[in-house]
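Worksheet: the structure to be examined is printed underneath.
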Amino acid sequence: MTSKYADVAVAAPVEVFAVSAAFREDTHPEKVNLSVGAYRTEEGNPWVLPVVQSVESKMAADTTLNHEYLPILGLPEFRNASLKLLLGEGNPAIVENRVVGVQALGGTGAIRLSAEFFKNIGKAETVLVSKPTWGNHMGVYRASGYTDVREYRYWDAETRSLNIEGMVEDLKAAPENAVVILHAVAHNPTGVDPTHDQWKQIADACEEKKLNVLMDIAYQGFATGDLEADAWAPRYFVSRGFEFVSAQSYSKNFGLYNERIGNLALVCNTTDAMKRCSSQLELIVRKIWSNPPNHGARIVGTVLNDPSLFNEWQNSVRVMASRIKEMRQQLYNKLKALGTPGTWEHIITQIGMFSFTGLNPSQVDFLVKNYHIYLIKQGRINMCGLNHGNLDYVAKAIHEAVVTIPSDQA
Ligand code: PLP
């Protein structure tokens with residue numbers, strides 16, 4: 001048999017999924033997966049949050065619920081509660097009715113909506129992303145037709161910290177009205193966020209070049225364990241009078257990865273502008289997924305709107321954040337105890353789910369081949385892949401990798 005698709009080119013695999021697939025196939029008893037961006041318990045398992053489980057049980061027993069289409073923009077109680085979570089209940093943008101939420105297919109869907117929105121209203125042709133950034137930012141914007149995709153300096157490999165001067169310089173060199181994607185909190189992959197003072201400098205640059213800001217917030221709660229503190233940046237941008245969008249994801253902080261639940265918040269200066277933009281967003285959604293799925297929105301909406309469930313959820317977020325912090329400290333302690341060459345302070349100063357270890361691609365290869373420890377070539381590790389059972393093994397392996405393949409010989 002022949003196929004008319006026989007000459008279709010095989011696309012490159014998506015690294016993080018390919019690494020996880022290789023991990024699954026590996027039969028080594030001590031294998032460790034540090035690649036995937038999902039929370040794992042001390043036992044190395046995914047975690048269905050107890051509050052999610054109890055809401056789902058109630059939903060299953062509730063005979064009044066049905067599977068009718070949701071409105072194009074999504075479940076209203078979910079969208080409104082999402083805005084409050086992002087901006088704070090009494091935020092002027094909410095009180096003055098000049099912010100709208102659009103339910104989206106995860107954070108990724110919200111980012112895609114932002115790209116379509118800025119393109120459709122004719123505000124942007126260029127997008128700027130941090131160097132490095134989450135692997136999909138460029139892809140999603142390119143898929144929306146942006147051909148001018150630029151990187152702004154962010155990570156300084158030498159100091160293992162934020163290159164704020166470079167970042168501000170690059171933002172100021174951007175064409176007016178370009179889109180800029182900023183990570184609101186727990187930067188992926190570096191785990192390095194701007195300080196409040198640095199955010200002010202970033203805001204000044206965005207204001208000067210009239211940039212269209214997309215604040216990507218996929219890890220609210222994961223940096224400090226405090227949902228309010230982690231939303232400082234978008235709230236600051238509102239206080240500065242910015243009109244901007246923010247892509248919220250509930251994949252990580254609710255553990256609802258495969259329910260594809262997110263929200264795009266659009267803050268305007270007037271109710272009239274918000275309504276105009278909202279009508280455009282409605283058309284965009286109609287043409288991409290028509291209307292969103294219900295399950296995740298109902299779970300998140302129920303929890304966010306009920307003070308006692310909210311409290312329970314907040315405690316689970318704290319549990320996840322503090323387990324990650326503990327793993328950081330433990331890995332650091334073990335590398336110090338082993339006398340592993342190089343400085344490792346960044347493991348404890350970085351925040352969020354990931355650590356940008358500074359391991360080079362050859363060292364990563366060494367870990368995979370010799371120790372069955374899986375991580376992506378960038379050297380980013382998911383701290384939740386660590387637990388008390390594998391910490392010694394991973395620390396020893398990193399030590400061996402660094403001693404065997406010095407960084408300058410990579
Ligand atoms: N933005 C960043 C920075 C991320 O790391 C991720 C997921 O890893 C997303 C957005 C997308 O999240 P979702 O799985 O909700 O689409």
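By convention here, the chains of the structure tokens are called A, B, ... in the order presented, each chain's residues are numbered starting at 1, and ligands are numbered starting at 1 in the order presented.
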Could you make a table, as JSON lines, of the residues of chain A that have an atom within 7 Å of an atom of ligand 1, each with its nearest atom pair and distance in Å to one decimal, counting only C-alpha atoms and all ligand atoms, in chain and number order?
{"residue": "A:Gly37", "atom": "CA", "partner": "ligand 1", "partner_atom_place_in_ligand_line": "8 (O)", "distance": 5.6}
{"residue": "A:Leu105", "atom": "CA", "partner": "ligand 1", "partner_atom_place_in_ligand_line": "16 (O)", "distance": 6.8}
{"residue": "A:Gly106", "atom": "CA", "partner": "ligand 1", "partner_atom_place_in_ligand_line": "15 (O)", "distance": 3.6}
{"residue": "A:Gly107", "atom": "CA", "partner": "ligand 1", "partner_atom_place_in_ligand_line": "15 (O)", "distance": 3.7}
{"residue": "A:Thr108", "atom": "CA", "partner": "ligand 1", "partner_atom_place_in_ligand_line": "16 (O)", "distance": 3.7}
{"residue": "A:Gly109", "atom": "CA", "partner": "ligand 1", "partner_atom_place_in_ligand_line": "16 (O)", "distance": 6.3}
{"residue": "A:Trp134", "atom": "CA", "partner": "ligand 1", "partner_atom_place_in_ligand_line": "3 (C)", "distance": 5.1}
{"residue": "A:His183", "atom": "CA", "partner": "ligand 1", "partner_atom_place_in_ligand_line": "3 (C)", "distance": 6.5}
{"residue": "A:His187", "atom": "CA", "partner": "ligand 1", "partner_atom_place_in_ligand_line": "3 (C)", "distance": 6.6}
{"residue": "A:Asn188", "atom": "CA", "partner": "ligand 1", "partner_atom_place_in_ligand_line": "3 (C)", "distance": 5.1}
{"residue": "A:Asp216", "atom": "CA", "partner": "ligand 1", "partner_atom_place_in_ligand_line": "1 (N)", "distance": 5.7}
{"residue": "A:Ile217", "atom": "CA", "partner": "ligand 1", "partner_atom_place_in_ligand_line": "1 (N)", "distance": 6.6}
{"residue": "A:Ala218", "atom": "CA", "partner": "ligand 1", "partner_atom_place_in_ligand_line": "1 (N)", "distance": 5.0}
{"residue": "A:Ser249", "atom": "CA", "partner": "ligand 1", "partner_atom_place_in_ligand_line": "15 (O)", "distance": 4.4}
{"residue": "A:Tyr250", "atom": "CA", "partner": "ligand 1", "partner_atom_place_in_ligand_line": "15 (O)", "distance": 6.0}
{"residue": "A:Ser251", "atom": "CA", "partner": "ligand 1", "partner_atom_place_in_ligand_line": "15 (O)", "distance": 4.6}
{"residue": "A:Tyr257", "atom": "CA", "partner": "ligand 1", "partner_atom_place_in_ligand_line": "14 (O)", "distance": 5.8}
{"residue": "A:Arg260", "atom": "CA", "partner": "ligand 1", "partner_atom_place_in_ligand_line": "15 (O)", "distance": 6.0}
{"residue": "A:Ile261", "atom": "CA", "partner": "ligand 1", "partner_atom_place_in_ligand_line": "15 (O)", "distance": 6.4}
{"residue": "A:Gly262", "atom": "CA", "partner": "ligand 1", "partner_atom_place_in_ligand_line": "15 (O)", "distance": 6.0}
Would you list, as an NGL selection string, the residues of range 13-217 of chain A that end up in strand (DSSP E) under DSSP run on this structure's backbone? :A and (32-33 or 99-105 or 126-131 or 148-153 or 155-156 or 161-162 or 179-183 or 212-217)
Test item: residues at most 12 Å from His28 in chain A, only C-alpha atoms, excluding those fewer than 5 positions along its chain, as a compact mmCIF listing (two decimals) with N, CA and C atoms, in the first residue's frame:
# COMPACT_ATOMS: atom_id res chain seq x y z
N ALA A 22 11.11 8.36 27.40
CA ALA A 22 12.32 7.56 27.59
C ALA A 22 12.42 7.08 29.03
N PHE A 23 12.03 7.95 29.96
CA PHE A 23 12.03 7.57 31.38
C PHE A 23 11.09 6.39 31.62
N ASN A 33 12.91 10.85 37.25
CA ASN A 33 12.46 11.80 36.22
C ASN A 33 12.45 13.22 36.79
N VAL A 368 21.88 10.96 32.28
CA VAL A 368 20.89 10.07 31.67
C VAL A 368 21.53 8.68 31.44
N LYS A 369 22.71 8.70 30.80
CA LYS A 369 23.31 7.42 30.40
C LYS A 369 23.82 6.60 31.57
N ASN A 370 24.45 7.25 32.53
CA ASN A 370 25.09 6.50 33.61
C ASN A 370 24.21 6.32 34.84
N TYR A 371 23.28 7.23 35.05
CA TYR A 371 22.49 7.16 36.30
C TYR A 371 20.98 7.04 36.05
N HIS A 372 20.57 7.07 34.80
CA HIS A 372 19.14 6.96 34.48
C HIS A 372 18.35 8.10 35.12
N ILE A 373 19.00 9.25 35.22
CA ILE A 373 18.34 10.44 35.75
C ILE A 373 17.98 11.31 34.54
N TYR A 374 16.69 11.55 34.36
CA TYR A 374 16.23 12.21 33.13
C TYR A 374 15.94 13.69 33.38
Which parts of range 103-221 of chain A does DSSP call helix (DSSP H, G or I) when run on the backbone here, written out as a PyMOL selection string? chain A and resi 106-120+136-143+164-172+196-208
Take the residues that were just selected and, keeping N, CA and C atoms, output them as a CSV table (one decimal), in the first residue's frame.
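After the write, part-v2.csv holds the following:
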chain,number,residue,atom,x,y,z
A,106,GLY,N,-6.2,25.8,29.4
A,106,GLY,CA,-4.9,25.9,30.1
A,106,GLY,C,-4.3,27.2,29.9
A,107,GLY,N,-3.1,27.4,30.5
A,107,GLY,CA,-2.3,28.6,30.3
A,107,GLY,C,-2.0,28.7,28.8
A,108,THR,N,-1.7,27.6,28.2
A,108,THR,CA,-1.3,27.6,26.7
A,108,THR,C,-2.4,28.2,25.9
A,109,GLY,N,-3.7,27.8,26.2
A,109,GLY,CA,-4.8,28.4,25.4
A,109,GLY,C,-4.9,29.9,25.6
A,110,ALA,N,-4.7,30.3,26.9
A,110,ALA,CA,-4.8,31.7,27.2
A,110,ALA,C,-3.7,32.5,26.4
A,111,ILE,N,-2.5,31.9,26.3
A,111,ILE,CA,-1.4,32.6,25.6
A,111,ILE,C,-1.8,32.7,24.1
A,112,ARG,N,-2.3,31.6,23.6
A,112,ARG,CA,-2.7,31.6,22.2
A,112,ARG,C,-3.8,32.7,21.9
A,113,LEU,N,-4.7,32.8,22.9
A,113,LEU,CA,-5.8,33.9,22.7
A,113,LEU,C,-5.1,35.2,22.7
A,114,SER,N,-4.1,35.4,23.6
A,114,SER,CA,-3.4,36.7,23.6
A,114,SER,C,-2.8,37.1,22.3
A,115,ALA,N,-2.1,36.0,21.7
A,115,ALA,CA,-1.5,36.2,20.4
A,115,ALA,C,-2.5,36.6,19.3
A,116,GLU,N,-3.6,35.9,19.3
A,116,GLU,CA,-4.6,36.2,18.3
A,116,GLU,C,-5.2,37.5,18.5
A,117,PHE,N,-5.4,37.9,19.8
A,117,PHE,CA,-6.0,39.2,20.1
A,117,PHE,C,-5.2,40.3,19.7
A,118,PHE,N,-3.9,40.3,20.1
A,118,PHE,CA,-3.0,41.4,19.7
A,118,PHE,C,-2.9,41.5,18.2
A,119,LYS,N,-2.9,40.4,17.5
A,119,LYS,CA,-2.8,40.4,16.1
A,119,LYS,C,-4.0,41.0,15.4
A,120,ASN,N,-5.2,40.4,15.9
A,120,ASN,CA,-6.5,40.8,15.3
A,120,ASN,C,-6.8,42.3,15.5
A,136,ASN,N,7.4,26.8,24.9
A,136,ASN,CA,6.3,27.0,24.0
A,136,ASN,C,5.9,28.4,23.7
A,137,HIS,N,6.5,29.4,24.4
A,137,HIS,CA,6.1,30.8,24.1
A,137,HIS,C,6.3,31.2,22.6
A,138,MET,N,7.5,30.8,22.2
A,138,MET,CA,7.8,31.2,20.8
A,138,MET,C,6.9,30.5,19.8
A,139,GLY,N,6.7,29.2,20.1
A,139,GLY,CA,5.9,28.3,19.2
A,139,GLY,C,4.5,28.8,19.1
A,140,VAL,N,3.9,29.1,20.2
A,140,VAL,CA,2.5,29.6,20.1
A,140,VAL,C,2.4,30.9,19.4
A,141,TYR,N,3.3,31.8,19.6
A,141,TYR,CA,3.2,33.1,18.9
A,141,TYR,C,3.5,32.9,17.4
A,142,ARG,N,4.5,32.0,17.1
A,142,ARG,CA,4.8,31.8,15.7
A,142,ARG,C,3.5,31.2,15.0
A,143,ALA,N,2.9,30.3,15.7
A,143,ALA,CA,1.7,29.6,15.1
A,143,ALA,C,0.6,30.6,14.9
A,164,ILE,N,19.3,42.4,34.7
A,164,ILE,CA,18.3,43.4,34.7
A,164,ILE,C,18.7,44.6,33.7
A,165,GLU,N,19.9,44.9,33.7
A,165,GLU,CA,20.3,46.0,32.7
A,165,GLU,C,20.1,45.5,31.3
A,166,GLY,N,20.5,44.3,31.0
A,166,GLY,CA,20.3,43.8,29.6
A,166,GLY,C,18.9,43.7,29.3
A,167,MET,N,18.1,43.3,30.2
A,167,MET,CA,16.6,43.1,30.0
A,167,MET,C,16.0,44.5,29.6
A,168,VAL,N,16.3,45.4,30.5
A,168,VAL,CA,15.7,46.8,30.3
A,168,VAL,C,16.2,47.4,29.0
A,169,GLU,N,17.4,47.2,28.7
A,169,GLU,CA,18.0,47.7,27.4
A,169,GLU,C,17.3,47.1,26.2
A,170,ASP,N,17.1,45.8,26.3
A,170,ASP,CA,16.4,45.1,25.1
A,170,ASP,C,15.0,45.5,25.0
A,171,LEU,N,14.3,45.7,26.1
A,171,LEU,CA,12.9,46.1,26.1
A,171,LEU,C,12.8,47.6,25.5
A,172,LYS,N,13.8,48.4,25.8
A,172,LYS,CA,13.8,49.8,25.3
A,172,LYS,C,14.1,49.8,23.8
A,196,HIS,N,11.0,43.7,43.5
A,196,HIS,CA,10.0,44.7,43.2
A,196,HIS,C,10.6,45.9,42.6
A,197,ASP,N,11.8,46.3,43.0
A,197,ASP,CA,12.4,47.5,42.4
A,197,ASP,C,12.8,47.2,40.9
A,198,GLN,N,13.2,46.0,40.6
A,198,GLN,CA,13.5,45.6,39.2
A,198,GLN,C,12.2,45.6,38.3
A,199,TRP,N,11.1,45.2,39.0
A,199,TRP,CA,9.8,45.2,38.2
A,199,TRP,C,9.4,46.7,37.9
A,200,LYS,N,9.8,47.6,38.7
A,200,LYS,CA,9.5,49.0,38.4
A,200,LYS,C,10.3,49.4,37.2
A,201,GLN,N,11.5,49.0,37.1
A,201,GLN,CA,12.4,49.3,35.9
A,201,GLN,C,11.8,48.7,34.7
A,202,ILE,N,11.3,47.5,34.8
A,202,ILE,CA,10.7,46.8,33.7
A,202,ILE,C,9.4,47.5,33.2
A,203,ALA,N,8.6,47.9,34.2
A,203,ALA,CA,7.4,48.6,33.9
A,203,ALA,C,7.7,49.9,33.2
A,204,ASP,N,8.7,50.6,33.6
A,204,ASP,CA,9.1,51.9,33.0
A,204,ASP,C,9.4,51.7,31.5
A,205,ALA,N,10.2,50.6,31.2
A,205,ALA,CA,10.6,50.3,29.9
A,205,ALA,C,9.4,50.0,29.0
A,206,CYS,N,8.5,49.2,29.6
A,206,CYS,CA,7.2,48.8,28.8
A,206,CYS,C,6.4,50.0,28.5
A,207,GLU,N,6.4,50.9,29.5
A,207,GLU,CA,5.6,52.2,29.3
A,207,GLU,C,6.2,53.0,28.2
A,208,GLU,N,7.5,53.2,28.3
A,208,GLU,CA,8.2,54.0,27.3
A,208,GLU,C,8.0,53.5,25.9
If you count only C-alpha atoms, which residues fall within 7 Å of range 331-348 of chain A, apart from same-chain ones fewer than 6 positions away, as a PyMOL selection string? chain A and resi 160+355+357+391+395+399+402
Next, dump the selected residues to file, keeping only all heavy atoms, as a PDB file, in the first residue's frame.
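See part-v2.pdb below for the written result:
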ATOM      1  N   ARG A 160      24.591  33.684  37.546  1.00  0.00           N
ATOM      2  CA  ARG A 160      23.406  32.862  37.801  1.00  0.00           C
ATOM      3  C   ARG A 160      22.284  33.693  38.419  1.00  0.00           C
ATOM      4  O   ARG A 160      21.671  33.342  39.414  1.00  0.00           O
ATOM      5  CB  ARG A 160      23.750  31.662  38.697  1.00  0.00           C
ATOM      6  CG  ARG A 160      24.680  30.741  37.980  1.00  0.00           C
ATOM      7  CD  ARG A 160      24.803  29.377  38.570  1.00  0.00           C
ATOM      8  NE  ARG A 160      25.574  28.552  37.644  1.00  0.00           N
ATOM      9  CZ  ARG A 160      26.282  27.509  37.957  1.00  0.00           C
ATOM     10  NH1 ARG A 160      26.321  27.087  39.182  1.00  0.00           N
ATOM     11  NH2 ARG A 160      26.946  26.845  37.045  1.00  0.00           N
ATOM     12  N   SER A 355      14.686  24.289  39.040  1.00  0.00           N
ATOM     13  CA  SER A 355      15.996  24.854  39.283  1.00  0.00           C
ATOM     14  C   SER A 355      16.776  24.787  37.979  1.00  0.00           C
ATOM     15  O   SER A 355      16.772  23.769  37.293  1.00  0.00           O
ATOM     16  CB  SER A 355      16.723  24.082  40.377  1.00  0.00           C
ATOM     17  OG  SER A 355      17.964  24.698  40.591  1.00  0.00           O
ATOM     18  N   THR A 357      20.035  24.391  36.864  1.00  0.00           N
ATOM     19  CA  THR A 357      21.211  23.930  37.613  1.00  0.00           C
ATOM     20  C   THR A 357      22.536  24.492  37.108  1.00  0.00           C
ATOM     21  O   THR A 357      23.501  24.568  37.852  1.00  0.00           O
ATOM     22  CB  THR A 357      21.313  22.398  37.517  1.00  0.00           C
ATOM     23  OG1 THR A 357      21.377  22.051  36.118  1.00  0.00           O
ATOM     24  CG2 THR A 357      20.134  21.734  38.187  1.00  0.00           C
ATOM     25  N   LEU A 391      17.323  11.475  46.899  1.00  0.00           N
ATOM     26  CA  LEU A 391      18.201  12.652  47.007  1.00  0.00           C
ATOM     27  C   LEU A 391      19.693  12.293  46.998  1.00  0.00           C
ATOM     28  O   LEU A 391      20.484  12.910  46.281  1.00  0.00           O
ATOM     29  CB  LEU A 391      17.883  13.403  48.299  1.00  0.00           C
ATOM     30  CG  LEU A 391      16.964  14.613  48.163  1.00  0.00           C
ATOM     31  CD1 LEU A 391      16.452  15.031  49.524  1.00  0.00           C
ATOM     32  CD2 LEU A 391      17.668  15.776  47.469  1.00  0.00           C
ATOM     33  N   ALA A 395      22.231  13.491  44.124  1.00  0.00           N
ATOM     34  CA  ALA A 395      23.351  14.366  44.494  1.00  0.00           C
ATOM     35  C   ALA A 395      24.680  13.725  44.082  1.00  0.00           C
ATOM     36  O   ALA A 395      25.559  14.389  43.513  1.00  0.00           O
ATOM     37  CB  ALA A 395      23.322  14.640  45.995  1.00  0.00           C
ATOM     38  N   HIS A 399      27.323  15.144  41.341  1.00  0.00           N
ATOM     39  CA  HIS A 399      28.729  15.285  41.731  1.00  0.00           C
ATOM     40  C   HIS A 399      29.636  14.605  40.704  1.00  0.00           C
ATOM     41  O   HIS A 399      30.591  15.194  40.200  1.00  0.00           O
ATOM     42  CB  HIS A 399      28.932  14.693  43.130  1.00  0.00           C
ATOM     43  CG  HIS A 399      30.337  14.777  43.611  1.00  0.00           C
ATOM     44  ND1 HIS A 399      30.854  15.901  44.235  1.00  0.00           N
ATOM     45  CD2 HIS A 399      31.367  13.886  43.524  1.00  0.00           C
ATOM     46  CE1 HIS A 399      32.123  15.689  44.522  1.00  0.00           C
ATOM     47  NE2 HIS A 399      32.467  14.474  44.096  1.00  0.00           N
ATOM     48  N   VAL A 402      29.737  16.444  37.343  1.00  0.00           N
ATOM     49  CA  VAL A 402      30.518  17.685  37.361  1.00  0.00           C
ATOM     50  C   VAL A 402      32.018  17.385  37.445  1.00  0.00           C
ATOM     51  O   VAL A 402      32.845  18.055  36.819  1.00  0.00           O
ATOM     52  CB  VAL A 402      30.045  18.590  38.537  1.00  0.00           C
ATOM     53  CG1 VAL A 402      30.961  19.779  38.717  1.00  0.00           C
ATOM     54  CG2 VAL A 402      28.612  19.044  38.305  1.00  0.00           C
TER      55      VAL A 402
END
Length of the CA of Ala9 in chain A to CA of Thr126 in chain A vector [Å]: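 These atoms are spaced 28.1 Å apart.
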Using only C-alpha atoms, which residues sit within 8 Å of Arg298 in chain A once same-chain residues fewer than 3 positions away are excluded, as a PyMOL selection string? chain A and resi 75+78+294-295+301-302
Residues within 7 Å of Val129 in chain A, only C-alpha atoms, excluding chain neighbours under 4 positions, as number ranges by chain: A: 133, 150-152, 180-181
Residue subset to file, keeping C-alpha atoms, as a PDB file, in the first residue's frame:
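What follows is the written file again_23.pdb:
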ATOM      1  CA  THR A 133      11.886  31.038  28.355  1.00  0.00           C
ATOM      2  CA  ARG A 150      12.885  38.287  19.520  1.00  0.00           C
ATOM      3  CA  GLU A 151      14.566  37.425  22.796  1.00  0.00           C
ATOM      4  CA  TYR A 152      15.375  39.880  25.558  1.00  0.00           C
ATOM      5  CA  VAL A 180       6.347  41.350  25.477  1.00  0.00           C
ATOM      6  CA  ILE A 181       5.848  38.142  27.435  1.00  0.00           C
TER       7      ILE A 181
END
When you look at Asn45 in chain A with a cut-off of 12 Å (counting only C-alpha atoms), what residues show up, excluding the ones that are within fewer than 4 positions of it in the same chain? I need them as a short mmCIF file (atom, residue, chain, number, x, y, z; two decimals) with N, CA and C atoms, in the first residue's frame.
data_model
loop_
_atom_site.label_atom_id
_atom_site.label_comp_id
_atom_site.auth_asym_id
_atom_site.auth_seq_id
_atom_site.Cartn_x
_atom_site.Cartn_y
_atom_site.Cartn_z
N VAL A 32 15.16 8.22 37.76
CA VAL A 32 14.53 9.41 38.33
C VAL A 32 14.12 10.33 37.18
N ASN A 33 12.91 10.85 37.25
CA ASN A 33 12.46 11.80 36.22
C ASN A 33 12.45 13.22 36.79
N ALA A 38 5.51 18.90 36.38
CA ALA A 38 4.31 18.57 37.15
C ALA A 38 4.72 18.19 38.56
N TYR A 39 3.84 18.48 39.53
CA TYR A 39 4.14 18.20 40.93
C TYR A 39 4.16 16.70 41.19
N ARG A 40 5.08 16.29 42.03
CA ARG A 40 5.14 14.90 42.47
C ARG A 40 5.22 14.89 43.99
N THR A 41 4.57 13.89 44.61
CA THR A 41 4.61 13.76 46.06
C THR A 41 5.94 13.17 46.50
N GLY A 255 -3.29 21.18 40.26
CA GLY A 255 -2.97 19.82 39.80
C GLY A 255 -3.94 19.33 38.74
N CYS A 384 10.37 18.78 42.25
CA CYS A 384 9.43 17.79 42.82
C CYS A 384 9.79 16.36 42.44
N GLY A 385 10.67 16.20 41.45
CA GLY A 385 11.10 14.85 41.09
C GLY A 385 12.01 14.27 42.18
N LEU A 386 12.45 15.14 43.09
CA LEU A 386 13.33 14.69 44.18
C LEU A 386 12.50 14.29 45.39
N ASN A 387 12.99 13.32 46.14
CA ASN A 387 12.36 12.96 47.41
C ASN A 387 13.44 12.35 48.30
#
Selected residue of minimal separation from Gly225 in chain A among A:Pro29, A:Gly296, A:Gly352, A:Gly135, counting only C-alpha atoms: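 The answer is A:Gly352, which sits nearest to Gly225 in chain A.
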My list of candidates is A:Pro13, A:Gly44, A:Pro194, A:Gly221. Which is closest to Met320 in chain A when distances are computed with only C-alpha atoms?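 Closest to Met320 in chain A, using only C-alpha atoms: A:Gly221.
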Using only C-alpha atoms, can you tell me which of A:Arg380, A:Lys396, A:Arg276, A:Arg286 comes closest to Pro132 in chain A? A:Arg380
Hey, which of A:Glu259, A:Asp272, A:Glu125, A:Glu68 ends up closest to Ala297 in chain A? Count only C-alpha atoms.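 Comparing A:Glu259, A:Asp272, A:Glu125, A:Glu68 against Ala297 in chain A, the winner is A:Glu259.
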Rank A:Ala6, A:Ala273, A:Val36, A:Ala178 by their smallest atom-to-atom distance to Ile381 in chain A, using only C-alpha atoms, and report the top residue only. A:Val36
